[in-house]
$ cat work.txt   # compact mmCIF, C-alpha atoms
# COMPACT_ATOMS: atom_id res chain seq x y z
CA LEU A 1 -2.30 14.95 -1.57
CA GLN A 2 -2.77 18.40 -3.05
CA VAL A 3 0.88 19.32 -2.44
CA SER A 4 2.15 16.06 -3.95
CA ASP A 5 2.56 15.36 -7.65
CA PHE A 6 4.55 12.11 -7.67
CA LEU A 7 3.54 8.70 -6.33
CA ILE A 8 5.64 5.58 -6.05
CA SER A 9 3.34 2.59 -5.77
CA LEU A 10 4.89 -0.69 -4.69
CA GLY A 11 2.39 -3.47 -5.36
CA TYR A 12 -0.55 -3.27 -7.77
CA GLY A 13 -2.53 -6.21 -6.41
CA LYS A 14 -5.27 -6.06 -9.07
CA ASN A 15 -6.57 -2.79 -7.69
CA SER A 16 -5.61 0.75 -8.65
CA ASP A 17 -8.26 2.77 -6.77
CA PHE A 18 -5.67 4.67 -4.74
CA GLU A 19 -3.52 5.36 -7.78
CA GLU A 20 -6.47 6.49 -9.89
CA SER A 21 -7.65 8.84 -7.14
CA PHE A 22 -4.18 10.35 -6.98
CA LEU A 23 -4.04 10.89 -10.75
CA ASN A 24 -7.49 12.45 -10.76
CA LEU A 25 -6.40 15.19 -8.36
CA SER A 26 -4.33 16.95 -11.02
CA ARG A 27 -3.35 16.50 -14.65
CA SER A 28 0.29 17.09 -13.63
CA ASN A 29 0.34 14.12 -11.25
CA ARG A 30 2.29 11.04 -12.34
CA LEU A 31 3.33 7.76 -10.80
CA VAL A 32 5.62 4.77 -11.04
CA CYS A 33 4.20 1.36 -10.11
CA PHE A 34 6.23 -1.78 -9.33
CA ASP A 35 4.69 -5.25 -9.31
CA SER A 36 6.45 -8.44 -10.39
CA SER A 37 3.42 -10.74 -10.19
CA ILE A 38 0.66 -8.83 -11.98
CA ASN A 39 0.83 -8.69 -15.76
CA LEU A 40 -1.56 -9.12 -18.66
CA TRP A 41 -1.32 -12.91 -18.61
CA SER A 42 -2.02 -13.14 -14.86
CA MET A 43 -5.09 -10.95 -15.30
CA ILE A 44 -6.40 -13.05 -18.19
CA SER A 45 -5.70 -16.24 -16.21
CA SER A 46 -7.81 -14.95 -13.31
CA LEU A 47 -10.65 -14.20 -15.71
CA LEU A 48 -10.47 -17.64 -17.32
CA ALA A 49 -10.43 -19.31 -13.91
CA SER A 50 -13.77 -17.69 -13.12
CA LEU A 51 -15.55 -19.09 -16.19
CA PRO A 52 -18.25 -21.53 -15.07
CA ILE A 53 -17.35 -24.17 -17.70
CA VAL A 54 -13.55 -24.25 -17.93
CA GLY A 55 -12.60 -22.33 -14.81
CA LYS A 56 -11.28 -23.77 -11.57
CA ASP A 57 -12.23 -20.84 -9.33
CA LYS A 58 -15.98 -21.44 -9.13
CA ASN A 59 -16.42 -18.90 -6.32
CA SER A 60 -15.17 -15.99 -8.44
CA TYR A 61 -17.57 -13.54 -9.90
CA LEU A 62 -17.00 -13.29 -13.65
CA PRO A 63 -18.15 -9.66 -14.13
CA TYR A 64 -15.78 -8.68 -11.32
CA ARG A 65 -12.84 -10.33 -13.12
CA ILE A 66 -13.82 -8.61 -16.37
CA ARG A 67 -13.88 -5.29 -14.53
CA GLN A 68 -10.45 -6.00 -13.04
CA LEU A 69 -9.01 -6.66 -16.50
CA TYR A 70 -10.55 -3.48 -17.87
CA GLU A 71 -9.17 -1.38 -15.00
CA TYR A 72 -5.73 -2.97 -15.43
CA LEU A 73 -5.60 -2.16 -19.15
CA LYS A 74 -6.78 1.39 -18.55
CA PHE A 75 -4.13 1.81 -15.87
CA ARG A 76 -1.30 0.38 -17.99
CA LEU A 77 -2.24 2.55 -20.99
CA ASN A 78 -2.34 5.79 -18.99
CA PRO A 79 0.58 7.93 -20.24
CA ARG A 80 1.12 9.30 -16.73
CA VAL A 81 1.76 5.80 -15.38
CA SER A 82 5.07 3.98 -15.62
CA TYR A 83 4.47 0.30 -14.82
CA LYS A 84 7.46 -1.91 -14.10
CA ASN A 85 7.27 -5.71 -13.69
CA LEU A 86 10.06 -5.72 -11.10
CA LYS A 87 10.35 -7.28 -7.65
CA VAL A 88 11.53 -4.81 -5.02
CA TYR A 89 14.13 -6.02 -2.52
CA GLY A 90 15.47 -4.44 0.63
CA TYR A 91 19.15 -4.98 1.26
CA SER A 92 20.61 -7.12 -1.53
CA VAL A 93 19.30 -7.59 -5.03
CA PRO A 94 19.76 -10.89 -6.90
CA ASP A 95 21.51 -10.60 -10.23
CA SER A 96 18.39 -10.38 -12.32
CA LYS A 97 16.72 -8.01 -14.75
CA LYS A 98 13.47 -8.65 -12.86
CA THR A 99 14.53 -7.10 -9.54
CA ILE A 100 15.30 -3.65 -8.13
CA SER A 101 16.47 -2.52 -4.69
CA PHE A 102 14.48 -0.14 -2.55
CA SER A 103 17.41 2.28 -2.59
CA GLN A 104 17.23 2.32 -6.39
CA VAL A 105 13.53 3.09 -6.13
CA LEU A 106 14.26 6.02 -3.81
CA ASN A 107 16.85 7.30 -6.28
CA MET A 108 14.05 7.76 -8.80
CA ILE A 109 12.51 10.49 -6.64
CA GLY A 110 13.34 13.99 -7.80
CA ASP A 111 11.71 15.95 -4.97
CA PHE A 112 10.89 14.03 -1.79
CA LYS A 113 8.83 16.99 -0.53
CA ARG A 114 6.30 16.39 -3.33
CA THR A 115 6.24 12.59 -3.14
CA ILE A 116 4.06 9.87 -1.61
CA ILE A 117 4.99 6.20 -1.29
CA LYS A 118 2.32 3.50 -1.18
CA MET A 119 3.56 0.02 -0.26
CA ASP A 120 1.76 -3.33 -0.35
CA ILE A 121 4.40 -5.95 -1.09
CA GLU A 122 3.40 -8.97 1.00
CA GLY A 123 6.05 -8.90 3.71
CA ALA A 124 8.91 -7.32 1.73
CA GLU A 125 8.02 -4.01 3.40
CA TYR A 126 10.16 -4.97 6.41
CA PRO A 127 13.56 -5.39 4.69
CA CYS A 128 12.79 -2.46 2.37
CA LEU A 129 11.94 0.00 5.12
CA LEU A 130 14.64 -1.25 7.51
CA SER A 131 17.22 -0.75 4.77
CA ALA A 132 16.21 2.91 4.49
CA LEU A 133 15.99 3.89 8.16
CA SER A 134 19.58 5.10 8.26
CA SER A 135 18.90 7.41 5.32
CA SER A 136 17.42 10.88 5.71
CA ASP A 137 15.36 10.47 2.55
CA LEU A 138 12.19 9.01 4.06
CA ILE A 139 11.68 11.84 6.54
CA HIS A 140 11.19 14.31 3.68
CA LEU A 141 8.30 12.39 2.09
CA ASN A 142 4.88 14.00 2.30
CA ALA A 143 3.16 10.75 3.19
CA MET A 144 3.44 6.98 3.22
CA VAL A 145 0.71 4.36 3.03
CA VAL A 146 2.00 0.94 4.08
CA GLU A 147 0.33 -2.43 4.53
CA PHE A 148 2.20 -4.43 7.16
CA HIS A 149 1.87 -8.24 6.97
CA ALA A 150 2.45 -11.07 9.46
CA ILE A 151 2.96 -8.60 12.28
CA SER A 152 3.39 -11.19 15.04
CA ASP A 153 6.20 -12.87 13.09
CA ASN A 154 7.86 -9.49 12.41
CA ARG A 155 7.01 -7.68 15.63
CA GLU A 156 10.52 -6.41 16.36
CA ALA A 157 10.92 -5.00 12.84
CA PHE A 158 7.39 -3.55 12.91
CA GLU A 159 7.97 -1.74 16.21
CA ARG A 160 11.35 -0.43 15.06
CA ILE A 161 9.87 0.96 11.83
CA ILE A 162 6.86 2.54 13.56
CA GLY A 163 9.06 4.07 16.25
CA HIS A 164 11.30 5.61 13.59
CA PHE A 165 8.40 6.95 11.55
CA LEU A 166 6.71 8.57 14.55
CA LYS A 167 9.69 10.89 14.96
CA THR A 168 8.61 12.63 11.74
CA PHE A 169 5.14 11.41 10.80
CA ASP A 170 1.72 11.31 12.41
CA ILE A 171 -0.56 8.32 11.91
CA ALA A 172 -3.56 9.58 9.94
CA HIS A 173 -5.42 6.32 9.50
CA ILE A 174 -5.33 2.66 10.56
CA HIS A 175 -7.35 -0.16 9.05
CA ILE A 176 -7.22 -3.90 9.69
CA ASN A 177 -7.20 -5.98 6.52
CA ASN A 178 -9.93 -8.56 7.10
CA TYR A 179 -8.16 -11.14 4.96
CA GLY A 180 -5.89 -11.43 7.99
CA GLU A 181 -6.68 -12.31 11.59
CA ILE A 182 -6.34 -10.95 15.10
CA ILE A 183 -4.10 -13.33 17.05
CA ASN A 184 -3.52 -12.84 20.79
CA GLY A 185 -4.88 -9.31 20.46
CA ILE A 186 -2.55 -8.40 17.59
CA PRO A 187 -3.95 -7.67 14.10
CA GLN A 188 -1.83 -9.59 11.60
CA VAL A 189 -2.31 -7.28 8.60
CA LEU A 190 -2.53 -3.53 9.14
CA GLU A 191 -2.91 -0.71 6.64
CA ILE A 192 -1.37 2.44 8.13
CA SER A 193 -1.31 5.92 6.57
CA PHE A 194 1.43 8.30 7.73
CA ILE A 195 1.44 12.04 7.05
CA ASN A 196 4.51 14.21 7.50
CA ARG A 197 4.04 16.30 10.63
CA LYS A 198 5.05 19.46 8.78
CA LEU A 199 1.84 19.14 6.74
CA ASN A 200 -0.47 18.11 9.56
CA SER A 201 -2.19 21.14 11.06
CA PHE A 202 -5.07 19.18 12.57
CA GLU A 203 -5.48 18.54 16.27
CA LYS A 204 -4.77 14.94 17.17
CA LEU A 205 -7.83 12.90 17.94
CA TYR A 206 -8.43 9.99 20.26
CA ILE A 207 -10.19 6.97 18.83
CA ASP A 208 -11.41 4.02 20.80
CA GLN A 209 -12.29 1.58 18.06
CA ILE A 210 -11.74 0.78 14.40
CA PRO A 211 -13.05 0.50 11.74
CA HIS A 212 -14.60 3.93 11.28
CA GLY A 213 -16.27 5.91 8.51
CA LEU A 214 -13.28 5.92 6.16
CA ASP A 215 -13.04 2.15 6.01
CA GLU A 216 -14.35 -0.51 3.68
CA PRO A 217 -13.62 -4.23 4.16
CA CYS A 218 -10.80 -5.55 2.00
CA ASN A 219 -12.77 -8.78 1.66
CA PRO A 220 -16.29 -7.59 0.81
CA ARG A 221 -17.75 -11.05 1.50
CA VAL A 222 -17.16 -10.83 5.26
CA ALA A 223 -17.50 -8.12 7.89
CA ASP A 224 -14.59 -5.86 8.78
CA LEU A 225 -12.55 -6.75 11.86
CA ILE A 226 -13.23 -4.68 14.97
CA TYR A 227 -10.43 -3.61 17.28
CA THR A 228 -10.73 -1.63 20.53
CA PHE A 229 -7.73 0.44 21.64
CA ASP A 230 -6.49 1.02 25.13
CA ARG A 231 -6.85 4.71 25.86
CA GLN A 232 -3.08 5.22 26.17
CA ASP A 233 -2.57 3.81 22.66
CA SER A 234 -5.44 5.52 20.87
CA LYS A 235 -4.03 8.96 20.11
CA ILE A 236 -3.32 9.24 16.36
$ encode --input "work.txt" --output "structure tokens"
Amino acid sequence: LQVSDFLISLGYGKNSDFEESFLNLSRSNRLVCFDSSINLWSMISSLLASLPIVGKDKNSYLPYRIRQLYEYLKFRLNPRVSYKNLKVYGYSVPDSKKTISFSQVLNMIGDFKRTIIKMDIEGAEYPCLLSALSSSDLIHLNAMVVEFHAISDNREAFERIIGHFLKTFDIAHIHINNYGEIINGIPQVLEISFINRKLNSFEKLYIDQIPHGLDEPCNPRVADLIYTFDRQDSKI
């Protein structure tokens, strides 16, 4: 992170902890965030839905929704943040002012060697990343943090993307999103952090089980999902 000063964040998801941590590293750091579903009205709607009298979402915690709205406004008003209400597509982009292709996103990068991409776009990661595998751009990124969804349904695409990334990147961290499930031994939603091998001077470690000390459950109301690796698959 210390050698990166530009972040492209695909998917806000009512949480900007990663983005805020990146900005706090240096006053020169800046980022561009894309999210077509999160705007001021959607944040206010979530807050109203948590009100005990008029709200429909009786299980929501009102102070938590207030905090989310506050963090959203602080994030949007940060002069080092460019927030775009655009849906990111992989191969083809519908004729709309509300969409952008992943190749157009990559064209916004001035120096790939100082850039990180964070991606949490609810399944659109597959067409986006597959559309860029033939390009040499991705291999010059410092790091990528990607949440992969519905892995069983997209297993071929998932394996192709991971295989391509491992030619250039090391896996620095894996976490199972506990809003998903483990079906037939396969976690359905995985958060994977990749670091460019040129920046990774650490000896590779074997791990037998996740989660570990870096992890917190995505759903704080339930315990994190536990996964035990086969020894041959546990070197990251």
$ closest_atom_pairs --input "work.txt" --of "range 82-174 of chain A" --to "range 4-17 of chain A" --cutoff "8 Å" --atoms "only C-alpha atoms" --output "Markdown table"
| residue | atom | partner | partner_atom | distance |
| --- | --- | --- | --- | --- |
| A:Val88 | CA | A:Leu10 | CA | 7.8 |
| A:Lys113 | CA | A:Ser4 | CA | 7.6 |
| A:Arg114 | CA | A:Ser4 | CA | 4.2 |
| A:Thr115 | CA | A:Phe6 | CA | 4.9 |
| A:Ile116 | CA | A:Leu7 | CA | 4.9 |
| A:Ile117 | CA | A:Ile8 | CA | 4.8 |
| A:Lys118 | CA | A:Ser9 | CA | 4.8 |
| A:Met119 | CA | A:Leu10 | CA | 4.7 |
| A:Asp120 | CA | A:Gly11 | CA | 5.1 |
| A:Ile121 | CA | A:Gly11 | CA | 5.3 |
| A:Asn142 | CA | A:Ser4 | CA | 7.1 |
$ closest_residue --input "work.txt" --among "A:Phe75, A:Phe148, A:Tyr70, A:Phe102" --to "Tyr89 in chain A" --atoms "all atoms listed in the file"
A:Phe102
$ atom_distance --input "work.txt" --atom1 "CA of Ile174 in chain A" --atom2 "CA of Asp224 in chain A"
12.7 Å
$ residues_around --input "work.txt" --residues "Asn196 in chain A" --least-positions-apart "3" --cutoff "9 Å" --atoms "only C-alpha atoms" --output "JSON, numbers by chain"
{"A": [139, 140, 141, 142, 143, 144, 168, 169, 170, 171, 199, 200]}
$ residues_around --input "work.txt" --residues "Ile66 in chain A" --least-positions-apart "3" --cutoff "10 Å" --atoms "all atoms listed in the file" --output "list in words"
Met43, Ile44, Ser46, Leu47, Leu48, Ser50, Tyr61, Leu62, Pro63, Leu69, Tyr70, Glu71 and Tyr72 of chain A
$ write_last_selection --input "work.txt" --atoms "C-alpha atoms" --output "mmCIF file, in the frame of the given file"
data_model
loop_
_atom_site.group_PDB
_atom_site.id
_atom_site.type_symbol
_atom_site.label_atom_id
_atom_site.label_comp_id
_atom_site.auth_asym_id
_atom_site.auth_seq_id
_atom_site.Cartn_x
_atom_site.Cartn_y
_atom_site.Cartn_z
ATOM 1 C CA MET A 43 -5.090 -10.950 -15.300
ATOM 2 C CA ILE A 44 -6.400 -13.050 -18.190
ATOM 3 C CA SER A 46 -7.810 -14.950 -13.310
ATOM 4 C CA LEU A 47 -10.650 -14.200 -15.710
ATOM 5 C CA LEU A 48 -10.470 -17.640 -17.320
ATOM 6 C CA SER A 50 -13.770 -17.690 -13.120
ATOM 7 C CA TYR A 61 -17.570 -13.540 -9.900
ATOM 8 C CA LEU A 62 -17.000 -13.290 -13.650
ATOM 9 C CA PRO A 63 -18.150 -9.660 -14.130
ATOM 10 C CA LEU A 69 -9.010 -6.660 -16.500
ATOM 11 C CA TYR A 70 -10.550 -3.480 -17.870
ATOM 12 C CA GLU A 71 -9.170 -1.380 -15.000
ATOM 13 C CA TYR A 72 -5.730 -2.970 -15.430
#
$ build_atoms --input "work.txt" --residues "range 168-179 of chain A" --atoms "all heavy atoms" --output "PDB file, keeping the file's coordinate frame"
ATOM      1  N   THR A 168       8.845  11.657  12.805  1.00  0.00           N
ATOM      2  CA  THR A 168       8.610  12.630  11.740  1.00  0.00           C
ATOM      3  C   THR A 168       7.167  12.678  11.275  1.00  0.00           C
ATOM      4  O   THR A 168       6.670  13.727  10.861  1.00  0.00           O
ATOM      5  CB  THR A 168       9.510  12.313  10.522  1.00  0.00           C
ATOM      6  OG1 THR A 168      10.869  12.201  10.960  1.00  0.00           O
ATOM      7  CG2 THR A 168       9.399  13.392   9.460  1.00  0.00           C
ATOM      8  N   PHE A 169       6.487  11.527  11.347  1.00  0.00           N
ATOM      9  CA  PHE A 169       5.140  11.410  10.800  1.00  0.00           C
ATOM     10  C   PHE A 169       4.095  11.240  11.908  1.00  0.00           C
ATOM     11  O   PHE A 169       4.395  10.755  12.995  1.00  0.00           O
ATOM     12  CB  PHE A 169       5.044  10.181   9.869  1.00  0.00           C
ATOM     13  CG  PHE A 169       5.913  10.266   8.650  1.00  0.00           C
ATOM     14  CD1 PHE A 169       7.218   9.802   8.675  1.00  0.00           C
ATOM     15  CD2 PHE A 169       5.425  10.793   7.466  1.00  0.00           C
ATOM     16  CE1 PHE A 169       8.028   9.866   7.546  1.00  0.00           C
ATOM     17  CE2 PHE A 169       6.218  10.860   6.333  1.00  0.00           C
ATOM     18  CZ  PHE A 169       7.520  10.402   6.373  1.00  0.00           C
ATOM     19  N   ASP A 170       2.877  11.648  11.594  1.00  0.00           N
ATOM     20  CA  ASP A 170       1.720  11.310  12.410  1.00  0.00           C
ATOM     21  C   ASP A 170       0.961  10.192  11.710  1.00  0.00           C
ATOM     22  O   ASP A 170       0.974  10.094  10.476  1.00  0.00           O
ATOM     23  CB  ASP A 170       0.785  12.510  12.578  1.00  0.00           C
ATOM     24  CG  ASP A 170       1.378  13.587  13.465  1.00  0.00           C
ATOM     25  OD1 ASP A 170       2.106  13.241  14.414  1.00  0.00           O
ATOM     26  OD2 ASP A 170       1.111  14.782  13.198  1.00  0.00           O
ATOM     27  N   ILE A 171       0.295   9.352  12.489  1.00  0.00           N
ATOM     28  CA  ILE A 171      -0.560   8.320  11.910  1.00  0.00           C
ATOM     29  C   ILE A 171      -1.921   8.957  11.627  1.00  0.00           C
ATOM     30  O   ILE A 171      -2.603   9.437  12.525  1.00  0.00           O
ATOM     31  CB  ILE A 171      -0.706   7.117  12.849  1.00  0.00           C
ATOM     32  CG1 ILE A 171       0.646   6.409  12.999  1.00  0.00           C
ATOM     33  CG2 ILE A 171      -1.748   6.143  12.314  1.00  0.00           C
ATOM     34  CD1 ILE A 171       0.629   5.239  13.967  1.00  0.00           C
ATOM     35  N   ALA A 172      -2.301   8.964  10.346  1.00  0.00           N
ATOM     36  CA  ALA A 172      -3.560   9.580   9.940  1.00  0.00           C
ATOM     37  C   ALA A 172      -4.702   8.583   9.877  1.00  0.00           C
ATOM     38  O   ALA A 172      -5.868   8.957  10.011  1.00  0.00           O
ATOM     39  CB  ALA A 172      -3.385  10.264   8.571  1.00  0.00           C
ATOM     40  N   HIS A 173      -4.362   7.305   9.690  1.00  0.00           N
ATOM     41  CA  HIS A 173      -5.420   6.320   9.500  1.00  0.00           C
ATOM     42  C   HIS A 173      -4.877   4.916   9.732  1.00  0.00           C
ATOM     43  O   HIS A 173      -3.741   4.625   9.360  1.00  0.00           O
ATOM     44  CB  HIS A 173      -5.980   6.420   8.082  1.00  0.00           C
ATOM     45  CG  HIS A 173      -7.092   5.461   7.787  1.00  0.00           C
ATOM     46  ND1 HIS A 173      -7.024   4.525   6.782  1.00  0.00           N
ATOM     47  CD2 HIS A 173      -8.298   5.285   8.375  1.00  0.00           C
ATOM     48  CE1 HIS A 173      -8.144   3.815   6.754  1.00  0.00           C
ATOM     49  NE2 HIS A 173      -8.925   4.245   7.705  1.00  0.00           N
ATOM     50  N   ILE A 174      -5.677   4.072  10.354  1.00  0.00           N
ATOM     51  CA  ILE A 174      -5.330   2.660  10.560  1.00  0.00           C
ATOM     52  C   ILE A 174      -6.540   1.825  10.155  1.00  0.00           C
ATOM     53  O   ILE A 174      -7.672   2.141  10.523  1.00  0.00           O
ATOM     54  CB  ILE A 174      -4.970   2.350  12.020  1.00  0.00           C
ATOM     55  CG1 ILE A 174      -3.763   3.175  12.478  1.00  0.00           C
ATOM     56  CG2 ILE A 174      -4.669   0.870  12.195  1.00  0.00           C
ATOM     57  CD1 ILE A 174      -3.427   2.976  13.949  1.00  0.00           C
ATOM     58  N   HIS A 175      -6.279   0.766   9.424  1.00  0.00           N
ATOM     59  CA  HIS A 175      -7.350  -0.160   9.050  1.00  0.00           C
ATOM     60  C   HIS A 175      -6.809  -1.578   9.109  1.00  0.00           C
ATOM     61  O   HIS A 175      -5.690  -1.842   8.677  1.00  0.00           O
ATOM     62  CB  HIS A 175      -7.860   0.140   7.635  1.00  0.00           C
ATOM     63  CG  HIS A 175      -8.941  -0.793   7.174  1.00  0.00           C
ATOM     64  ND1 HIS A 175      -8.835  -1.538   6.018  1.00  0.00           N
ATOM     65  CD2 HIS A 175     -10.139  -1.116   7.716  1.00  0.00           C
ATOM     66  CE1 HIS A 175      -9.928  -2.263   5.862  1.00  0.00           C
ATOM     67  NE2 HIS A 175     -10.735  -2.031   6.871  1.00  0.00           N
ATOM     68  N   ILE A 176      -7.605  -2.489   9.651  1.00  0.00           N
ATOM     69  CA  ILE A 176      -7.220  -3.900   9.690  1.00  0.00           C
ATOM     70  C   ILE A 176      -7.714  -4.570   8.424  1.00  0.00           C
ATOM     71  O   ILE A 176      -8.905  -4.507   8.099  1.00  0.00           O
ATOM     72  CB  ILE A 176      -7.824  -4.608  10.921  1.00  0.00           C
ATOM     73  CG1 ILE A 176      -7.391  -3.900  12.207  1.00  0.00           C
ATOM     74  CG2 ILE A 176      -7.407  -6.073  10.953  1.00  0.00           C
ATOM     75  CD1 ILE A 176      -8.062  -4.459  13.461  1.00  0.00           C
ATOM     76  N   ASN A 177      -6.815  -5.211   7.699  1.00  0.00           N
ATOM     77  CA  ASN A 177      -7.200  -5.980   6.520  1.00  0.00           C
ATOM     78  C   ASN A 177      -7.905  -7.255   6.985  1.00  0.00           C
ATOM     79  O   ASN A 177      -7.326  -8.071   7.704  1.00  0.00           O
ATOM     80  CB  ASN A 177      -5.961  -6.327   5.700  1.00  0.00           C
ATOM     81  CG  ASN A 177      -6.287  -6.989   4.372  1.00  0.00           C
ATOM     82  OD1 ASN A 177      -7.222  -7.775   4.271  1.00  0.00           O
ATOM     83  ND2 ASN A 177      -5.508  -6.683   3.345  1.00  0.00           N
ATOM     84  N   ASN A 178      -9.164  -7.423   6.599  1.00  0.00           N
ATOM     85  CA  ASN A 178      -9.930  -8.560   7.100  1.00  0.00           C
ATOM     86  C   ASN A 178      -9.640  -9.866   6.382  1.00  0.00           C
ATOM     87  O   ASN A 178     -10.285 -10.878   6.653  1.00  0.00           O
ATOM     88  CB  ASN A 178     -11.436  -8.254   7.093  1.00  0.00           C
ATOM     89  CG  ASN A 178     -11.994  -8.072   5.690  1.00  0.00           C
ATOM     90  OD1 ASN A 178     -11.269  -7.816   4.736  1.00  0.00           O
ATOM     91  ND2 ASN A 178     -13.311  -8.204   5.562  1.00  0.00           N
ATOM     92  N   TYR A 179      -8.677  -9.860   5.464  1.00  0.00           N
ATOM     93  CA  TYR A 179      -8.160 -11.140   4.960  1.00  0.00           C
ATOM     94  C   TYR A 179      -7.210 -11.753   5.981  1.00  0.00           C
ATOM     95  O   TYR A 179      -6.890 -12.935   5.904  1.00  0.00           O
ATOM     96  CB  TYR A 179      -7.424 -10.935   3.633  1.00  0.00           C
ATOM     97  CG  TYR A 179      -8.334 -10.839   2.431  1.00  0.00           C
ATOM     98  CD1 TYR A 179      -8.580  -9.616   1.817  1.00  0.00           C
ATOM     99  CD2 TYR A 179      -8.952 -11.972   1.904  1.00  0.00           C
ATOM    100  CE1 TYR A 179      -9.410  -9.522   0.704  1.00  0.00           C
ATOM    101  CE2 TYR A 179      -9.784 -11.889   0.804  1.00  0.00           C
ATOM    102  CZ  TYR A 179     -10.010 -10.660   0.203  1.00  0.00           C
ATOM    103  OH  TYR A 179     -10.836 -10.579  -0.878  1.00  0.00           O
TER     104      TYR A 179
END
